[in-house]
Structure formats: structure tokens, C-alpha cells
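Engineer: Here you go, this is protein11.txt (compact mmCIF, C-alpha atoms).
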# COMPACT_ATOMS: atom_id res chain seq x y z
CA GLU H 711 162.62 -57.99 -158.27
CA ASP H 712 160.68 -56.03 -160.88
CA GLN H 713 162.46 -55.68 -164.22
CA VAL H 714 161.79 -53.74 -167.42
CA THR H 715 163.69 -54.29 -170.67
CA GLN H 716 163.24 -52.05 -173.68
CA SER H 717 164.28 -52.74 -177.25
CA PRO H 718 165.76 -51.60 -179.46
CA GLU H 719 168.11 -49.23 -177.61
CA ALA H 720 168.08 -46.87 -180.58
CA LEU H 721 165.95 -46.63 -183.70
CA ARG H 722 166.33 -44.43 -186.76
CA LEU H 723 163.33 -44.02 -189.05
CA GLN H 724 162.58 -42.03 -192.14
CA GLU H 725 159.66 -39.65 -191.84
CA GLY H 726 156.49 -41.65 -192.52
CA GLU H 727 158.12 -45.03 -191.81
CA SER H 728 155.99 -46.76 -189.15
CA SER H 729 157.56 -49.00 -186.48
CA SER H 730 157.13 -50.40 -182.96
CA LEU H 731 159.05 -50.14 -179.71
CA ASN H 732 159.04 -53.07 -177.29
CA CYS H 733 158.89 -53.15 -173.50
CA SER H 734 159.19 -56.54 -171.76
CA TYR H 735 158.51 -56.70 -168.04
CA THR H 736 158.46 -58.98 -165.03
CA VAL H 737 156.61 -57.72 -161.99
CA SER H 738 155.03 -59.21 -158.90
CA GLY H 739 151.49 -58.14 -159.70
CA LEU H 740 151.10 -55.37 -162.28
CA ARG H 741 149.26 -52.28 -161.09
CA GLY H 742 150.02 -50.28 -164.22
CA LEU H 743 152.40 -49.91 -167.16
CA PHE H 744 153.39 -46.41 -168.17
CA TRP H 745 154.88 -44.84 -171.28
CA TYR H 746 156.75 -41.56 -171.17
CA ARG H 747 158.54 -39.42 -173.72
CA GLN H 748 161.70 -37.58 -172.72
CA ASP H 749 163.43 -34.83 -174.69
CA PRO H 750 167.09 -34.01 -173.95
CA GLY H 751 167.54 -32.01 -170.75
CA LYS H 752 163.86 -32.25 -169.81
CA GLY H 753 161.73 -34.34 -167.49
CA PRO H 754 159.71 -37.28 -168.81
CA GLU H 755 156.35 -36.36 -170.35
CA PHE H 756 153.46 -38.69 -169.54
CA LEU H 757 151.92 -40.47 -172.54
CA PHE H 758 149.84 -43.51 -171.49
CA THR H 759 148.87 -45.79 -168.63
CA LEU H 760 147.78 -49.38 -169.36
CA TYR H 761 146.29 -51.51 -166.60
CA SER H 762 145.37 -54.92 -168.01
CA ALA H 763 146.28 -57.29 -170.84
CA GLY H 764 144.43 -56.50 -174.04
CA GLU H 765 144.13 -52.81 -173.28
CA GLU H 766 145.04 -50.29 -176.00
CA LYS H 767 145.37 -46.51 -175.94
CA GLU H 768 145.99 -44.01 -178.74
CA LYS H 769 147.22 -40.45 -178.96
CA GLU H 770 147.90 -38.83 -182.31
CA ARG H 771 150.47 -41.05 -184.09
CA LEU H 772 151.10 -43.23 -181.02
CA LYS H 773 149.31 -46.40 -179.95
CA ALA H 774 150.21 -48.44 -176.88
CA THR H 775 149.20 -52.05 -176.33
CA LEU H 776 149.66 -54.44 -173.41
CA THR H 777 149.98 -58.21 -172.99
CA LYS H 778 150.80 -60.20 -169.86
CA LYS H 779 154.52 -60.01 -170.58
CA GLU H 780 155.14 -57.00 -172.78
CA SER H 781 153.90 -53.72 -174.16
CA PHE H 782 154.35 -52.16 -177.58
CA LEU H 783 154.40 -48.55 -178.57
CA HIS H 784 153.42 -48.32 -182.23
CA ILE H 785 154.37 -45.16 -184.09
CA THR H 786 152.44 -44.57 -187.30
CA ALA H 787 153.83 -42.25 -189.98
CA PRO H 788 156.27 -40.54 -187.59
CA LYS H 789 157.44 -36.96 -188.01
CA PRO H 790 160.81 -35.45 -187.00
CA GLU H 791 159.16 -33.91 -183.92
CA ASP H 792 158.51 -37.45 -182.63
CA SER H 793 162.27 -37.81 -182.10
CA ALA H 794 162.87 -38.39 -178.38
CA THR H 795 163.67 -41.12 -175.88
CA TYR H 796 160.65 -43.26 -175.05
CA LEU H 797 160.59 -44.74 -171.56
CA CYS H 798 158.52 -47.61 -170.27
CA ALA H 799 157.87 -48.13 -166.55
CA VAL H 800 155.89 -50.53 -164.37
CA GLN H 801 154.18 -50.01 -161.05
CA ALA H 802 153.75 -53.07 -158.89
CA GLU H 803 150.89 -53.80 -156.55
CA GLY H 804 151.78 -52.82 -153.00
CA SER H 805 154.62 -50.53 -154.06
CA ALA H 806 152.70 -47.27 -153.55
CA ARG H 807 153.57 -45.16 -156.62
CA GLN H 808 157.12 -46.44 -157.17
CA LEU H 809 157.94 -46.78 -160.86
CA THR H 810 160.57 -49.17 -162.20
CA PHE H 811 161.89 -47.85 -165.51
CA GLY H 812 163.48 -49.46 -168.52
CA SER H 813 166.55 -47.89 -170.07
CA GLY H 814 164.56 -46.36 -172.93
CA THR H 815 164.53 -46.39 -176.73
CA GLN H 816 166.13 -43.39 -178.40
CA LEU H 817 164.06 -42.65 -181.51
CA THR H 818 165.34 -40.46 -184.34
CA VAL H 819 163.02 -39.58 -187.20
CA LEU H 820 164.81 -38.20 -190.24
CA PRO H 821 163.07 -35.76 -192.60
CA LYS B 1466 147.14 -25.65 -164.51
CA ALA B 1467 150.77 -25.20 -163.55
CA GLY B 1468 153.01 -28.24 -163.77
CA VAL B 1469 155.56 -29.58 -161.33
CA THR B 1470 158.25 -27.03 -160.54
CA GLN B 1471 161.73 -27.77 -159.29
CA THR B 1472 164.36 -25.42 -157.94
CA PRO B 1473 167.13 -24.80 -158.57
CA ARG B 1474 167.41 -26.03 -162.16
CA TYR B 1475 171.19 -26.29 -162.05
CA LEU B 1476 173.59 -26.72 -159.17
CA ILE B 1477 177.34 -27.20 -158.86
CA LYS B 1478 178.78 -28.50 -155.60
CA THR B 1479 182.07 -29.98 -154.43
CA ARG B 1480 182.65 -33.35 -152.79
CA GLY B 1481 181.74 -33.44 -149.12
CA GLN B 1482 179.18 -30.63 -149.31
CA GLN B 1483 175.47 -31.12 -148.84
CA VAL B 1484 172.62 -29.98 -151.07
CA THR B 1485 168.87 -29.42 -150.76
CA LEU B 1486 166.56 -29.61 -153.76
CA SER B 1487 162.97 -28.38 -153.81
CA CYS B 1488 159.83 -29.58 -155.58
CA SER B 1489 156.38 -28.03 -155.79
CA PRO B 1490 153.75 -30.51 -157.02
CA ILE B 1491 150.77 -29.86 -159.25
CA SER B 1492 148.01 -28.17 -157.28
CA GLY B 1493 145.85 -30.79 -155.59
CA HIS B 1494 148.44 -33.58 -155.82
CA ARG B 1495 149.42 -34.97 -152.43
CA SER B 1496 151.98 -37.52 -153.59
CA VAL B 1497 155.54 -36.54 -154.45
CA SER B 1498 158.21 -38.98 -155.64
CA TRP B 1499 161.89 -38.41 -156.33
CA TYR B 1500 164.05 -40.13 -158.94
CA GLN B 1501 167.71 -40.00 -159.89
CA GLN B 1502 168.62 -40.20 -163.58
CA THR B 1503 172.14 -41.00 -164.77
CA PRO B 1504 173.42 -42.20 -168.17
CA GLY B 1505 174.66 -45.46 -166.65
CA GLN B 1506 171.76 -46.41 -164.34
CA GLY B 1507 168.83 -44.68 -165.97
CA LEU B 1508 165.92 -43.56 -163.83
CA GLN B 1509 166.00 -44.93 -160.29
CA PHE B 1510 163.42 -44.44 -157.55
CA LEU B 1511 164.59 -42.60 -154.44
CA PHE B 1512 161.48 -42.20 -152.26
CA GLU B 1513 157.81 -41.24 -152.20
CA TYR B 1514 155.93 -38.99 -149.82
CA PHE B 1515 152.20 -38.75 -149.28
CA SER B 1516 150.59 -36.40 -146.76
CA GLU B 1517 153.98 -35.69 -145.14
CA THR B 1518 154.77 -39.42 -144.64
CA GLN B 1519 157.41 -41.42 -146.48
CA ARG B 1520 155.58 -44.37 -148.01
CA ASN B 1521 158.37 -46.05 -149.90
CA LYS B 1522 162.14 -45.81 -150.24
CA GLY B 1523 164.49 -47.02 -152.95
CA ASN B 1524 167.88 -48.63 -152.59
CA PHE B 1525 169.98 -45.56 -151.88
CA PRO B 1526 172.31 -44.85 -148.93
CA GLY B 1527 171.17 -42.90 -145.92
CA ARG B 1528 172.91 -39.78 -147.25
CA PHE B 1529 169.78 -39.30 -149.35
CA SER B 1530 166.80 -38.05 -147.38
CA GLY B 1531 163.64 -36.13 -147.96
CA ARG B 1532 160.61 -34.59 -146.41
CA GLN B 1533 157.22 -33.23 -147.34
CA PHE B 1534 155.46 -30.21 -145.92
CA SER B 1535 151.79 -29.68 -145.15
CA ASN B 1536 151.30 -27.84 -148.46
CA SER B 1537 152.64 -30.95 -150.29
CA ARG B 1538 155.88 -29.24 -151.31
CA SER B 1539 158.85 -31.55 -150.89
CA GLU B 1540 162.57 -31.27 -150.40
CA MET B 1541 165.31 -33.82 -150.79
CA ASN B 1542 168.71 -33.54 -149.18
CA VAL B 1543 171.97 -35.22 -150.07
CA SER B 1544 174.73 -35.01 -147.49
CA THR B 1545 178.46 -35.62 -147.94
CA LEU B 1546 178.27 -35.41 -151.71
CA GLU B 1547 180.25 -37.85 -153.84
CA LEU B 1548 181.26 -37.55 -157.49
CA GLY B 1549 178.80 -40.32 -158.35
CA ASP B 1550 175.90 -38.20 -157.09
CA SER B 1551 176.14 -36.07 -160.24
CA ALA B 1552 172.81 -36.63 -161.95
CA LEU B 1553 169.48 -35.21 -162.99
CA TYR B 1554 167.14 -35.32 -160.00
CA LEU B 1555 163.51 -35.54 -160.98
CA CYS B 1556 160.44 -34.95 -158.92
CA ALA B 1557 157.04 -36.33 -159.86
CA SER B 1558 153.65 -35.55 -158.42
CA GLY B 1559 150.77 -37.96 -158.59
CA LEU B 1560 147.02 -38.20 -158.59
CA GLY B 1561 145.80 -41.77 -158.67
CA SER B 1562 148.42 -44.05 -160.18
CA GLU B 1563 149.71 -41.59 -162.77
CA GLN B 1564 152.72 -39.41 -162.13
CA PHE B 1565 153.80 -36.19 -163.81
CA PHE B 1566 157.41 -35.13 -163.80
CA GLY B 1567 159.05 -31.78 -163.32
CA PRO B 1568 161.97 -30.49 -165.43
CA GLY B 1569 164.56 -31.74 -162.96
CA THR B 1570 167.55 -30.30 -161.13
CA ARG B 1571 170.92 -30.96 -162.77
CA LEU B 1572 173.45 -31.54 -159.97
CA THR B 1573 177.14 -31.56 -160.79
CA VAL B 1574 179.59 -32.63 -158.09
CA LEU B 1575 183.21 -31.58 -158.62
Before anything else, please render the file you have as C-alpha cells.

Structural biologist:
Amino acid sequence: EDQVTQSPEALRLQEGESSSLNCSYTVSGLRGLFWYRQDPGKGPEFLFTLYSAGEEKEKERLKATLTKKESFLHITAPKPEDSATYLCAVQAEGSARQLTFGSGTQLTVLP
Amino acid sequence: KAGVTQTPRYLIKTRGQQVTLSCSPISGHRSVSWYQQTPGQGLQFLFEYFSETQRNKGNFPGRFSGRQFSNSRSEMNVSTLELGDSALYLCASGLGSEQFFGPGTRLTVL
């Protein structure tokens, strides 16, 4: 059974204080690993897809990396508007487009 | 380009009733997936449709069903509602492996 574990569950940072979120996964053949951002009461917003170990993608203050067992979402010099829940999900080979999600990391950035 | 739209946005039902939720995917997307999100279980996969065919189904009881129309719009139905069905129901449309979510329908069962 595919599993995704995210840590920490919650993270409070001061504005400008860089940090990383972790996503550990077990999957029977990884087709893709996805990062989403979700604001309260809204649907998840797509951030990145990573397909193979060693791959990295960047968007503004966010950088996602992937190894064979985990992914990191690095947040550089965060701002209060980066506060949200960050979700990690995996898609297994042969599962069509089914995503298995972790429980998320709730990030709060204080001004 | 318009995003995924879901209607209604909020719904209140009582136990035993049934409900139908609607999803319009991004133009050109032929895949539609449905997810249930609750505080206790997080986001859980319900089913996926592609070109009017169900391709995959999650571990939910038969009370949960769906369908897709020729214009790629999708509906999901929940019959004999239970209190535990209260959740945010999310629809996602896909092109390639990536999926883009709608704002969700908040269902409350009293």
C-alpha cells in the first residue's frame, strides 16, 4: 500500500527564517511526486511535480527536491503570505491519476 | 483559462438523504478525479473518470458513485447520507500526470 508521511505537522517561522518541510514515501513504482499548497476553505493549489531522484524545481521562494525515499520543500526567506498547509502526494505507476496524500504541514510565517 | 468549477459550494443535508455534486473541468481536460477531505482522514481518493469511463476507484462504500458526460463534466452522488459523510469534496481535472483542483463543495450532514 502506498504511504506518504509529512513532517513536521506544524511549523512556525519568523519572516525571513528559511526552513524545510519533509515528505517521506513508500510506493510501488513512483510515477510522480506532487506538492500542493492549500489555504483554509480552498482547494489545493498545484506547485510542483517531480518525477525522478535528483530532480529539483523552483518557484519564487520555494524549491522542491526528490530522492528515492523522500522529498523536501525548501522555503527561503518566507513571507507571511506563504502561510498555508503544504501537501505532498504520490502517484504510483499503474494507478491512473490516483494521488495518495500525506496529512500536510501547516506553515505559519510571523511578521 | 478558467479553472475547475464545482457546484454547489455549500450544501446542508440530513441523514438518509442523497446528494449530487457537480464538477466542470478545465477546458481540454478529459480526466476528472474526486477526493474527500476531512480533518481526521485528510485527502482520500474516491474515483477517476476519463472519457466517460471510470478508470480507478478508492476504498469507499457503494453509496458513493459518479459519472462523466461527453463534455467531460462530472457528477458524484452520495446516497443514504451518514453523519460521517460531512466533508469537503474536491474535484480535480488533469492533463498528463498533473491535476488541478477546484474550490470544493462543503457538505454538512445533520

Engineer: Counting all atoms listed in the file, which residue out of B:Ile1477, B:Leu1575, B:Leu1486, B:Ile1491 sits closest to Leu1555 of chain B?

Structural biologist: B:Leu1486

Engineer: Within 9 Å of chain H, which residues of chain B show up when using all atoms listed in the file, listed as a ChimeraX atom specification?

Structural biologist: /B:1496,1498,1506-1513,1520-1523,1553,1555-1556,1559,1561-1569,1571

Engineer: Atom CA of Thr1518 of chain B and atom CA of Leu1572 of chain B are how many Å apart?

Structural biologist: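 Rounded to one decimal, the two atoms are 25.4 Å apart.
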
Engineer: Of the residues H:Thr818, H:Ser781, H:Gln748, H:Gln713, which is the one nearest to Leu731 of chain H, using all atoms listed in the file?

Structural biologist: H:Ser781

Engineer: If we draw a sphere of 8 Å around (160.5, -29.2, -156.8), which residues have at least one atom in it when counting only C-alpha atoms? Please report them as a list in words.

Structural biologist: Val1469, Thr1470, Gln1471, Thr1472, Leu1486, Ser1487, Cys1488, Ser1489, Pro1490, Arg1538, Ser1539, Glu1540, Cys1556, Gly1567 and Gly1569 of chain B

Engineer: What gap, in Å, lies between atom CA of Tyr1514 of chain B and atom CA of Gln1533 of chain B?

Structural biologist: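 Between atom CA of Tyr1514 of chain B and atom CA of Gln1533 of chain B the gap is 6.4 Å.
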
Engineer: So how far away is atom CA of Val714 of chain H from atom CA of Leu740 of chain H, in Å?

Structural biologist: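 So the answer is 12.0 Å.
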
Engineer: Just the residues within 10 Å of Thr1479 of chain B, please, counting all atoms listed in the file, with nothing from its chain fewer than 4 positions along; format it as a PDB file with C-alpha atoms, keeping the file's coordinate frame.

Structural biologist:
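File out.pdb, as written:
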ATOM      1  CA  GLN B1483     175.470 -31.120-148.840  1.00  0.00           C
ATOM      2  CA  THR B1545     178.460 -35.620-147.940  1.00  0.00           C
ATOM      3  CA  LEU B1546     178.270 -35.410-151.710  1.00  0.00           C
ATOM      4  CA  GLU B1547     180.250 -37.850-153.840  1.00  0.00           C
ATOM      5  CA  LEU B1548     181.260 -37.550-157.490  1.00  0.00           C
ATOM      6  CA  THR B1573     177.140 -31.560-160.790  1.00  0.00           C
ATOM      7  CA  VAL B1574     179.590 -32.630-158.090  1.00  0.00           C
ATOM      8  CA  LEU B1575     183.210 -31.580-158.620  1.00  0.00           C
TER       9      LEU B1575
END
